[in-house]
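Here's the structure we're looking at; comments come further down.
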2 protein chains.
Amino acid sequence: MAGGHEVERLIDMMARLPGLGPRSARRAVLTMIRKKSNVMEPLSRAMADVVQNVRECNQCSNITTAEICEICASPKRDQTVLCVVENVADLWAMERTAVFRGRYFVLGGVLSALDGITPEELRIPALSRRVKEENISEVILALNATIDGQTTAHYIADQIEGQGVSITSLAQGVPIGGELDYLDDGTITAALNARKSF
Amino acid sequence: MAGGHEVERLIDMMARLPGLGPRSARRAVLTMIRKKSNVMEPLSRAMADVVQNVRECNQCSNITTAEICEICASPKRDQTVLCVVENVADLWAMERTAVFRGRYFVLGGVLSALDGITPEELRIPALSRRVKEENISEVILALNATIDGQTTAHYIADQIEGQGVSITSLAQGVPIGGELDYLDDGTITAALNARKSF
């Protein structure tokens, strides 16, 4: 491949990002080279900015440019409700709905014996301490409806129950716009078990 | 979306690259933030390197870190055969086969009345001059088998014919491993018309 080692190295790096492969990395890099001053230079600078300025929130592990993220720092957020999510992408998904007005706790993963991810790595003891020390009345376990997600939810519930805090989880059922014919059996079973009067 | 304007700006920029959308840009940026020193910092520096060092070859418009690209500079490449390609990605595709041993001329696009792309922008006059001045015996028009690609090929052929140079194009037919049932009518027609004795 022509173009010098710089270009090959850049393509290799881009290809390792999630959602990109060798082919799309090649296309992206060639586009960037064609638009060097309009695309590539600003992008490189934006990345350097983020490397420099973005860090984890001391309280919830959301990403932020300050010590404490905007959500934890906001006096408008309900201090008594804490929503536990797996990662920052899930936090953003929750925020997009603009329905939840409490604060978050980002685990940064889920328990996994296979990958050797322990409760300490997910800061579950810190979560447990926070629930005890702060005036929290409800912990919402908004973990993914996967096996690992649900295992983690059960582990967390075990750790924090008996502290007078109510522990809830997201409802399971038919997604809005969902067609029964295209849903898996597990979802239909969950929706049927959780049926409510019309 | 939390995380400061730096992160939002970076996601916006990434989302505009070909092959990425808002969702995959978000995932890529979050992965990069998680692996700041291992992924994001080197990537930002690799981009800055390319911005700094990579430019167009003076002769063929391939990308290079020198005045003249490796292919144009190599004494091992046949100086009498010139392969005309639409862009650098196509040049790389040709090079991967390691069959062609001549040199290239990268147009940087195809003629398009709709997009207002003229022969001058594609440096077709420069190509024509080069064919006249250098000792070139064959010009291979390796343009895409699309309408615009073939229109451009015909235009180039018109410009350089009558200079005692043979003008060829890539063969059209059934791709290796191709099944007739899945091929379009145009390809089968071309393959039939160009049939050869077995």
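Simple scheme: letters A, B, ... for chains in structure tokens order, numbers from 1 for residues in each chain, numbers from 1 for ligands in the order shown.
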Per-residue nearest contacts chain A to chain B, cut-off 8 Å, using only C-alpha atoms, as JSON lines:
```
{"residue": "A:Met1", "atom": "CA", "partner": "B:Trp92", "partner_atom": "CA", "distance": 6.0}
{"residue": "A:Ala2", "atom": "CA", "partner": "B:Glu70", "partner_atom": "CA", "distance": 7.0}
{"residue": "A:Gly3", "atom": "CA", "partner": "B:Thr64", "partner_atom": "CA", "distance": 4.3}
{"residue": "A:Gly4", "atom": "CA", "partner": "B:Thr64", "partner_atom": "CA", "distance": 6.0}
{"residue": "A:Glu6", "atom": "CA", "partner": "B:Val50", "partner_atom": "CA", "distance": 5.9}
{"residue": "A:Val7", "atom": "CA", "partner": "B:Val50", "partner_atom": "CA", "distance": 6.4}
{"residue": "A:Arg9", "atom": "CA", "partner": "B:Ala46", "partner_atom": "CA", "distance": 7.3}
{"residue": "A:Leu10", "atom": "CA", "partner": "B:Ala46", "partner_atom": "CA", "distance": 5.7}
{"residue": "A:Met13", "atom": "CA", "partner": "B:Leu43", "partner_atom": "CA", "distance": 6.5}
{"residue": "A:Met14", "atom": "CA", "partner": "B:Leu43", "partner_atom": "CA", "distance": 7.6}
{"residue": "A:Leu17", "atom": "CA", "partner": "B:Ala28", "partner_atom": "CA", "distance": 5.7}
{"residue": "A:Pro18", "atom": "CA", "partner": "B:Ala28", "partner_atom": "CA", "distance": 5.6}
{"residue": "A:Gly19", "atom": "CA", "partner": "B:Ser24", "partner_atom": "CA", "distance": 5.9}
{"residue": "A:Leu20", "atom": "CA", "partner": "B:Gly19", "partner_atom": "CA", "distance": 7.6}
{"residue": "A:Ser24", "atom": "CA", "partner": "B:Gly19", "partner_atom": "CA", "distance": 5.9}
{"residue": "A:Arg26", "atom": "CA", "partner": "B:Ala89", "partner_atom": "CA", "distance": 7.7}
{"residue": "A:Arg27", "atom": "CA", "partner": "B:Pro18", "partner_atom": "CA", "distance": 6.8}
{"residue": "A:Ala28", "atom": "CA", "partner": "B:Pro18", "partner_atom": "CA", "distance": 5.6}
{"residue": "A:Leu30", "atom": "CA", "partner": "B:Ala89", "partner_atom": "CA", "distance": 7.4}
{"residue": "A:Thr31", "atom": "CA", "partner": "B:Leu17", "partner_atom": "CA", "distance": 7.5}
{"residue": "A:Met32", "atom": "CA", "partner": "B:Leu17", "partner_atom": "CA", "distance": 7.8}
{"residue": "A:Ile33", "atom": "CA", "partner": "B:Val51", "partner_atom": "CA", "distance": 7.4}
{"residue": "A:Lys36", "atom": "CA", "partner": "B:Val51", "partner_atom": "CA", "distance": 6.2}
{"residue": "A:Ser37", "atom": "CA", "partner": "B:Val51", "partner_atom": "CA", "distance": 7.8}
{"residue": "A:Val39", "atom": "CA", "partner": "B:Met13", "partner_atom": "CA", "distance": 7.7}
{"residue": "A:Met40", "atom": "CA", "partner": "B:Met47", "partner_atom": "CA", "distance": 6.8}
{"residue": "A:Glu41", "atom": "CA", "partner": "B:Val51", "partner_atom": "CA", "distance": 6.4}
{"residue": "A:Leu43", "atom": "CA", "partner": "B:Met13", "partner_atom": "CA", "distance": 6.5}
{"residue": "A:Ser44", "atom": "CA", "partner": "B:Ser44", "partner_atom": "CA", "distance": 4.8}
{"residue": "A:Arg45", "atom": "CA", "partner": "B:Ser44", "partner_atom": "CA", "distance": 7.2}
{"residue": "A:Ala46", "atom": "CA", "partner": "B:Leu10", "partner_atom": "CA", "distance": 5.7}
{"residue": "A:Met47", "atom": "CA", "partner": "B:Ser44", "partner_atom": "CA", "distance": 5.6}
{"residue": "A:Ala48", "atom": "CA", "partner": "B:Ser44", "partner_atom": "CA", "distance": 6.0}
{"residue": "A:Asp49", "atom": "CA", "partner": "B:Glu6", "partner_atom": "CA", "distance": 6.8}
{"residue": "A:Val50", "atom": "CA", "partner": "B:Glu6", "partner_atom": "CA", "distance": 5.9}
{"residue": "A:Val51", "atom": "CA", "partner": "B:Lys36", "partner_atom": "CA", "distance": 6.2}
{"residue": "A:Val54", "atom": "CA", "partner": "B:Gly3", "partner_atom": "CA", "distance": 7.3}
{"residue": "A:Asn62", "atom": "CA", "partner": "B:Gly3", "partner_atom": "CA", "distance": 7.3}
{"residue": "A:Ile63", "atom": "CA", "partner": "B:Gly3", "partner_atom": "CA", "distance": 4.9}
{"residue": "A:Thr64", "atom": "CA", "partner": "B:Gly3", "partner_atom": "CA", "distance": 4.3}
{"residue": "A:Thr65", "atom": "CA", "partner": "B:Gly4", "partner_atom": "CA", "distance": 6.1}
{"residue": "A:Cys69", "atom": "CA", "partner": "B:Gly3", "partner_atom": "CA", "distance": 7.3}
{"residue": "A:Glu70", "atom": "CA", "partner": "B:Ala2", "partner_atom": "CA", "distance": 7.0}
{"residue": "A:Ile71", "atom": "CA", "partner": "B:Ala2", "partner_atom": "CA", "distance": 7.7}
{"residue": "A:Val88", "atom": "CA", "partner": "B:Leu30", "partner_atom": "CA", "distance": 7.6}
{"residue": "A:Ala89", "atom": "CA", "partner": "B:Leu30", "partner_atom": "CA", "distance": 7.4}
{"residue": "A:Trp92", "atom": "CA", "partner": "B:Met1", "partner_atom": "CA", "distance": 5.9}
{"residue": "A:Glu95", "atom": "CA", "partner": "B:Met1", "partner_atom": "CA", "distance": 6.9}
{"residue": "A:Arg96", "atom": "CA", "partner": "B:Met1", "partner_atom": "CA", "distance": 7.2}
```
7 Å contact set for stretch 128-136 of chain A, only C-alpha atoms, chain neighbours under 5 positions out, as an NGL selection string: :A and (79-81 or 159-160 or 163 or 165)
For stretch 142-157 of chain A, please output as a PyMOL selection string all residues within 9 Å (counting only C-alpha atoms; exclusion window: fewer than 4 positions along the same chain). chain A and resi 83-86+90+94+109-112+119+124+127-128+161+167-170+172
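The protein and nucleic acid residues lying at most 10 Å from B:Ala171 are Ala142, Ala190, Ala191 and Ala194 of chain B, with only C-alpha atoms considered and sequence neighbours fewer than 4 positions away removed.
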Pairwise distance, atom CA of A:Pro125 with atom CA of A:Cys72, equals 19.2 Å
So the first atom is atom CA of B:Thr118 and the second is atom CA of B:Ser137; what is the distance between them in Å, to one decimal place? 26.1 Å
If you run DSSP over the backbone, which residues in stretch 101-177 of chain A end up strand (DSSP E)? Put them as a VMD selection string. chain A and resid 103 to 106 138 to 141 166 to 169
